[in-house]
$ cat protein.pdb   # PDB, C-alpha atoms and all ligand atoms
ATOM      1  CA  MET A  25       0.000   0.000   0.000
ATOM      2  CA  SER A  26       1.122   3.530  -0.638
ATOM      3  CA  TYR A  27       2.147   6.416   1.565
ATOM      4  CA  LYS A  28      -1.143   8.163   0.759
ATOM      5  CA  LYS A  29      -3.242   5.222   1.922
ATOM      6  CA  TYR A  30      -1.392   4.785   5.185
ATOM      7  CA  ASN A  31      -1.466   8.504   5.862
ATOM      8  CA  LYS A  32      -5.251   8.414   5.454
ATOM      9  CA  ILE A  33      -5.575   5.327   7.658
ATOM     10  CA  LEU A  34      -3.519   6.896  10.454
ATOM     11  CA  ASP A  35      -5.570  10.110  10.229
ATOM     12  CA  ILE A  36      -8.766   8.106  10.679
ATOM     13  CA  PHE A  37      -7.282   6.477  13.776
ATOM     14  CA  LEU A  38      -6.467   9.917  15.170
ATOM     15  CA  ASN A  39      -9.602  11.795  14.101
ATOM     16  CA  ASN A  40     -12.322   9.164  14.212
ATOM     17  CA  LEU A  41     -11.578   5.814  15.806
ATOM     18  CA  ILE A  42      -9.603   6.908  18.872
ATOM     19  CA  PRO A  43     -12.113   9.627  19.916
ATOM     20  CA  GLU A  44     -14.939   7.073  19.530
ATOM     21  CA  THR A  45     -12.943   4.465  21.448
ATOM     22  CA  LYS A  46     -12.432   6.946  24.272
ATOM     23  CA  ILE A  47     -16.200   7.171  24.741
ATOM     24  CA  SER A  48     -16.543   3.387  24.607
ATOM     25  CA  VAL A  49     -13.728   2.833  27.133
ATOM     26  CA  SER A  50     -15.353   5.338  29.486
ATOM     27  CA  LYS A  51     -18.331   2.924  29.588
ATOM     28  CA  GLY A  52     -16.052   0.041  30.633
ATOM     29  CA  ASN A  53     -15.299  -1.463  27.218
ATOM     30  CA  LYS A  54     -11.960  -2.617  25.859
ATOM     31  CA  ILE A  55      -9.795  -0.422  23.659
ATOM     32  CA  PHE A  56     -10.319  -2.307  20.393
ATOM     33  CA  GLY A  57     -11.904  -0.845  17.284
ATOM     34  CA  ALA A  58     -12.009  -1.050  13.518
ATOM     35  CA  PHE A  59     -13.215   0.760  10.411
ATOM     36  CA  VAL A  60     -13.923   0.175   6.749
ATOM     37  CA  LEU A  61     -12.680   2.272   3.827
ATOM     38  CA  LYS A  62     -13.767   2.219   0.210
ATOM     39  CA  LYS A  63     -10.848   0.897  -1.861
ATOM     40  CA  ILE A  64     -11.443   3.209  -4.787
ATOM     41  CA  ASP A  65     -11.272   6.580  -3.004
ATOM     42  CA  LEU A  66     -10.297   5.670   0.588
ATOM     43  CA  SER A  67     -13.453   7.280   1.946
ATOM     44  CA  LEU A  68     -14.497   6.186   5.440
ATOM     45  CA  VAL A  69     -17.628   4.021   5.371
ATOM     46  CA  VAL A  70     -18.164   2.817   8.951
ATOM     47  CA  THR A  71     -16.335   2.538  12.254
ATOM     48  CA  GLY A  72     -17.005   0.289  15.235
ATOM     49  CA  THR A  73     -15.697  -0.030  18.767
ATOM     50  CA  ASN A  74     -15.649  -2.775  21.362
ATOM     51  CA  ASN A  75     -18.957  -2.982  23.196
ATOM     52  CA  GLU A  76     -18.481  -6.002  25.444
ATOM     53  CA  THR A  77     -20.333  -4.389  28.319
ATOM     54  CA  GLU A  78     -23.456  -4.968  26.225
ATOM     55  CA  ASN A  79     -22.504  -8.367  24.788
ATOM     56  CA  PRO A  80     -19.157 -10.175  25.081
ATOM     57  CA  LEU A  81     -19.237 -10.964  21.351
ATOM     58  CA  TYR A  82     -19.308  -7.284  20.388
ATOM     59  CA  HIS A  83     -15.601  -6.938  19.646
ATOM     60  CA  GLY A  84     -14.475  -3.853  17.725
ATOM     61  CA  GLU A  85     -14.407  -5.786  14.459
ATOM     62  CA  ILE A  86     -17.839  -7.324  15.084
ATOM     63  CA  SER A  87     -19.386  -3.902  15.797
ATOM     64  CA  THR A  88     -17.805  -2.644  12.578
ATOM     65  CA  ILE A  89     -19.131  -5.567  10.532
ATOM     66  CA  LEU A  90     -22.617  -5.104  12.003
ATOM     67  CA  ASN A  91     -22.496  -1.408  11.073
ATOM     68  CA  PHE A  92     -21.213  -2.232   7.591
ATOM     69  CA  PHE A  93     -24.067  -4.619   6.796
ATOM     70  CA  LYS A  94     -26.667  -2.117   7.979
ATOM     71  CA  LEU A  95     -25.712  -0.338   4.741
ATOM     72  CA  ARG A  96     -27.385  -2.471   2.102
ATOM     73  CA  ASN A  97     -25.947  -4.024  -1.040
ATOM     74  CA  LEU A  98     -22.265  -3.345  -0.474
ATOM     75  CA  ASN A  99     -19.735  -5.834  -1.787
ATOM     76  CA  PRO A 100     -17.102  -6.347   0.947
ATOM     77  CA  LYS A 101     -14.482  -7.015  -1.735
ATOM     78  CA  ASP A 102     -14.639  -3.305  -2.653
ATOM     79  CA  TYR A 103     -13.496  -2.294   0.824
ATOM     80  CA  LEU A 104     -10.483  -2.264   3.106
ATOM     81  CA  PHE A 105     -10.954  -3.584   6.643
ATOM     82  CA  ILE A 106      -8.742  -1.860   9.219
ATOM     83  CA  SER A 107      -8.457  -3.035  12.815
ATOM     84  CA  SER A 108      -6.691  -1.400  15.731
ATOM     85  CA  HIS A 109      -5.335  -4.766  16.918
ATOM     86  CA  GLU A 110      -4.658  -8.087  15.217
ATOM     87  CA  PRO A 111      -8.078  -9.776  15.103
ATOM     88  CA  CYS A 112      -8.805 -12.585  17.573
ATOM     89  CA  SER A 113     -10.029 -15.992  16.432
ATOM     90  CA  LEU A 114     -13.671 -14.862  16.653
ATOM     91  CA  CYS A 115     -12.965 -11.829  14.483
ATOM     92  CA  LEU A 116     -10.742 -13.699  12.025
ATOM     93  CA  SER A 117     -13.728 -15.938  11.397
ATOM     94  CA  ALA A 118     -16.170 -13.027  11.284
ATOM     95  CA  ILE A 119     -14.058 -11.189   8.703
ATOM     96  CA  THR A 120     -13.878 -14.401   6.668
ATOM     97  CA  TRP A 121     -17.623 -15.126   6.831
ATOM     98  CA  SER A 122     -18.342 -11.480   5.971
ATOM     99  CA  GLY A 123     -16.528 -11.745   2.650
ATOM    100  CA  PHE A 124     -13.743  -9.184   3.074
ATOM    101  CA  ASP A 125     -10.634 -10.122   1.093
ATOM    102  CA  ASN A 126      -8.210  -8.213   3.316
ATOM    103  CA  PHE A 127      -7.541  -6.773   6.717
ATOM    104  CA  TYR A 128      -4.918  -4.457   8.163
ATOM    105  CA  TYR A 129      -4.016  -4.107  11.815
ATOM    106  CA  LEU A 130      -1.910  -1.761  13.887
ATOM    107  CA  PHE A 131      -0.890  -3.770  16.958
ATOM    108  CA  HIS A 132       0.259  -7.406  16.956
ATOM    109  CA  TYR A 133      -1.073 -10.102  19.282
ATOM    110  CA  LYS A 134       2.183  -9.891  21.220
ATOM    111  CA  GLU A 135       1.569  -6.213  21.922
ATOM    112  CA  THR A 136      -2.056  -6.851  22.864
ATOM    113  CA  GLU A 137      -0.712  -9.292  25.436
ATOM    114  CA  SER A 138       2.355  -7.474  26.719
ATOM    115  CA  ILE A 139       1.591  -3.748  26.309
ATOM    116  CA  PHE A 140      -2.174  -3.850  26.722
ATOM    117  CA  ASN A 141      -2.333  -6.732  29.204
ATOM    118  CA  ILE A 142      -5.014  -8.654  27.295
ATOM    119  CA  PRO A 143      -3.710 -12.207  26.675
ATOM    120  CA  HIS A 144      -6.877 -13.877  25.370
ATOM    121  CA  ASP A 145      -6.141 -13.731  21.616
ATOM    122  CA  LEU A 146      -3.006 -15.828  21.969
ATOM    123  CA  LYS A 147      -4.442 -17.996  24.738
ATOM    124  CA  ILE A 148      -7.603 -18.937  22.830
ATOM    125  CA  LEU A 149      -5.636 -19.783  19.687
ATOM    126  CA  LYS A 150      -3.418 -22.038  21.775
ATOM    127  CA  GLU A 151      -6.038 -23.616  24.039
ATOM    128  CA  VAL A 152      -8.851 -24.083  21.523
ATOM    129  CA  PHE A 153      -7.072 -24.398  18.189
ATOM    130  CA  LYS A 154      -3.599 -25.587  19.251
ATOM    131  CA  ILE A 155      -2.062 -22.687  17.347
ATOM    132  CA  GLU A 156       1.189 -21.612  18.996
ATOM    133  CA  GLN A 157       2.327 -17.963  19.108
ATOM    134  CA  GLY A 158      -0.586 -16.741  17.013
ATOM    135  CA  LYS A 159       0.636 -18.412  13.861
ATOM    136  CA  TYR A 160      -2.583 -18.637  11.883
ATOM    137  CA  SER A 161      -2.404 -18.509   8.091
ATOM    138  CA  LYS A 162      -1.724 -14.809   7.414
ATOM    139  CA  ASN A 163      -2.561 -15.100   3.724
ATOM    140  CA  ASN A 164      -5.021 -17.680   2.454
ATOM    141  CA  SER A 165      -7.704 -18.238  -0.163
ATOM    142  CA  TYR A 166     -10.111 -15.923   1.694
ATOM    143  CA  TRP A 167      -7.953 -12.893   2.485
ATOM    144  CA  GLU A 168      -4.558 -11.318   2.848
ATOM    145  CA  SER A 169      -3.594  -9.645   6.105
ATOM    146  CA  TYR A 170      -1.142  -6.823   6.667
ATOM    147  CA  SER A 171       0.670  -5.301   9.602
ATOM    148  CA  ILE A 172       0.383  -1.532   9.141
ATOM    149  CA  ILE A 173       3.619  -0.860  11.030
ATOM    150  CA  GLU A 174       5.643  -3.441   9.095
ATOM    151  CA  ASP A 175       4.320  -2.138   5.783
ATOM    152  CA  ILE A 176       5.116   1.475   6.659
ATOM    153  CA  LYS A 177       8.662   0.536   7.652
ATOM    154  CA  GLU A 178       9.135  -1.001   4.216
ATOM    155  CA  LEU A 179       7.801   2.023   2.325
ATOM    156  CA  GLN A 180      10.471   3.871   0.415
ATOM    157  CA  ASN A 181       9.141   7.357   0.863
ATOM    158  CA  SER A 182      10.863  10.540   1.933
ATOM    159  CA  GLU A 183       7.818  11.472   4.004
ATOM    160  CA  ASN A 184       7.877   8.279   6.047
ATOM    161  CA  ASP A 185       8.888  10.225   9.135
ATOM    162  CA  LYS A 186       5.485  11.909   9.108
ATOM    163  CA  LEU A 187       3.815   8.507   9.312
ATOM    164  CA  LEU A 188       6.109   7.383  12.119
ATOM    165  CA  THR A 189       5.321  10.582  14.047
ATOM    166  CA  LYS A 190       1.617   9.847  13.733
ATOM    167  CA  ILE A 191       2.178   6.277  14.903
ATOM    168  CA  LYS A 192       3.977   7.595  17.984
ATOM    169  CA  GLU A 193       0.998   9.804  18.767
ATOM    170  CA  ILE A 194      -1.404   6.897  18.208
ATOM    171  CA  ASN A 195       0.673   4.661  20.517
ATOM    172  CA  LYS A 196       0.503   7.275  23.224
ATOM    173  CA  LEU A 197      -3.265   7.654  22.901
ATOM    174  CA  TYR A 198      -3.824   3.887  23.037
ATOM    175  CA  GLY A 199      -1.591   3.790  26.105
ATOM    176  CA  ASP A 200      -3.884   6.316  27.790
ATOM    177  CA  LEU A 201      -6.983   4.357  26.770
ATOM    178  CA  SER A 202      -5.448   1.150  28.063
ATOM    179  CA  ARG A 203      -4.681   2.633  31.464
ATOM    180  CA  ASN A 204      -8.303   3.784  31.726
ATOM    181  CA  TYR A 205      -9.634   0.350  30.766
ATOM    182  CA  GLN A 206      -7.282  -1.560  33.056
ATOM    183  CA  SER A 207      -8.051   0.600  36.075
ATOM    184  CA  ALA A 208     -11.814   0.127  35.635
ATOM    185  CA  LYS A 209     -12.020  -3.503  34.493
ATOM    186  CA  ILE A 210     -12.181  -5.182  37.911
ATOM    187  CA  SER A 211     -15.726  -3.992  38.419
ATOM    188  CA  SER A 212     -16.991  -4.997  34.948
ATOM    189  CA  TYR A 213     -18.989  -8.113  34.067
ATOM    190  CA  ILE A 214     -17.004  -8.876  30.908
ATOM    191  CA  PRO A 215     -16.117 -12.622  31.063
ATOM    192  CA  LEU A 216     -12.603 -12.373  29.600
ATOM    193  CA  LYS A 217     -11.117  -9.097  30.816
TER     194      LYS A 217
HETATM  195 ZN    ZN B 301     -12.134 -10.183  18.322
END

$ encode --input "protein.pdb" --output "structure tokens" --more "lines below"
Ligand SMILES: [Zn+2]
Amino acid sequence: MSYKKYNKILDIFLNNLIPETKISVSKGNKIFGAFVLKKIDLSLVVTGTNNETENPLYHGEISTILNFFKLRNLNPKDYLFISSHEPCSLCLSAITWSGFDNFYYLFHYKETESIFNIPHDLKILKEVFKIEQGKYSKNNSYWESYSIIEDIKELQNSENDKLLTKIKEINKLYGDLSRNYQSAKISSYIPLK
């Protein structure tokens, strides 16, 4: 993907998804979220944030998919699916069943576990599916997946520093959100906190 696309994606994190996530976290939800862009012009179609306080299946990606299909007659293959964190096994399946042919994520499973103190993605893959270290098939006949950070590091663009500056800002904001979630989670009824 190009500089222009990643610049747009990072701006949506900063201007849309993170402010919406802040509201969701203030209600006791996790920090995860996602959004969908139109491939042809990179316009934002829908966002979605974690809403596990309402239903433990409402992960950020699931909320996004539900919002996407409220808009009728869209072909998922015409869209980019962007997730704040590498999708868990539930969301990998949901993205697959929804018909998207791609997804992009900002934070790896390892970071979800170590930085954000949420180990369930890796644990479920290991316990339920016997998949060690999150090694699911990253590209398959249904979709291709991309790490936003790894892709940006590989971009040969003189303006790459601007993207890295935005990523730093995004990291900081997710750090703040995470502290808020972690300090409030003890009193929530979410099964896997
Ligand atoms: Zn999930």

$ closest_residue --input "protein.pdb" --among "A:Tyr129, A:Tyr27, A:Phe92, A:Phe153" --to "A:Phe56" --atoms "all atoms listed in the file"
A:Tyr129

$ resolve_selection --input "protein.pdb" --expression "the PyMOL selection byres (((chain A and resi 34) around 12) and not hetatm)" --output "NGL selection string"
:A and (27-33 or 35-42 or 59 or 106-108 or 128-130 or 172-173 or 176 or 186-195)

$ closest_residue --input "protein.pdb" --among "A:Asn204, A:Ser169, A:Asn75, A:Ser48" --to "ligand ZN 301 (chain B)" --atoms "all atoms listed in the file"
A:Asn75

$ resolve_selection --input "protein.pdb" --expression "the PyMOL selection byres (((not hetatm)) within 9 of (chain B and resi 301))" --output "list in words"
Phe56, Asn74, Leu81, Tyr82, His83, Gly84, Glu85, Ile86, His109, Glu110, Pro111, Cys112, Ser113, Leu114, Cys115, Leu116, Ala118 and Asp145 of chain A

$ atom_distance --input "protein.pdb" --atom1 "atom CA of A:Ile89" --atom2 "atom CA of A:Glu137"
24.0 Å

$ residues_near_point --input "protein.pdb" --point "(-3.8, -21.0, 14.8)" --cutoff "10 Å" --atoms "only C-alpha atoms" --output "PyMOL selection string"
chain A and resi 113+146+148-162

$ write_last_selection --input "protein.pdb" --atoms "C-alpha atoms" --output "mmCIF file, in the coordinates of the input"
data_model
loop_
_atom_site.group_PDB
_atom_site.id
_atom_site.type_symbol
_atom_site.label_atom_id
_atom_site.label_comp_id
_atom_site.auth_asym_id
_atom_site.auth_seq_id
_atom_site.Cartn_x
_atom_site.Cartn_y
_atom_site.Cartn_z
ATOM 1 C CA SER A 113 -10.029 -15.992 16.432
ATOM 2 C CA LEU A 146 -3.006 -15.828 21.969
ATOM 3 C CA ILE A 148 -7.603 -18.937 22.830
ATOM 4 C CA LEU A 149 -5.636 -19.783 19.687
ATOM 5 C CA LYS A 150 -3.418 -22.038 21.775
ATOM 6 C CA GLU A 151 -6.038 -23.616 24.039
ATOM 7 C CA VAL A 152 -8.851 -24.083 21.523
ATOM 8 C CA PHE A 153 -7.072 -24.398 18.189
ATOM 9 C CA LYS A 154 -3.599 -25.587 19.251
ATOM 10 C CA ILE A 155 -2.062 -22.687 17.347
ATOM 11 C CA GLU A 156 1.189 -21.612 18.996
ATOM 12 C CA GLN A 157 2.327 -17.963 19.108
ATOM 13 C CA GLY A 158 -0.586 -16.741 17.013
ATOM 14 C CA LYS A 159 0.636 -18.412 13.861
ATOM 15 C CA TYR A 160 -2.583 -18.637 11.883
ATOM 16 C CA SER A 161 -2.404 -18.509 8.091
ATOM 17 C CA LYS A 162 -1.724 -14.809 7.414
#

$ atom_distance --input "protein.pdb" --atom1 "atom CA of A:Thr71" --atom2 "atom CA of A:Thr45"
10.0 Å
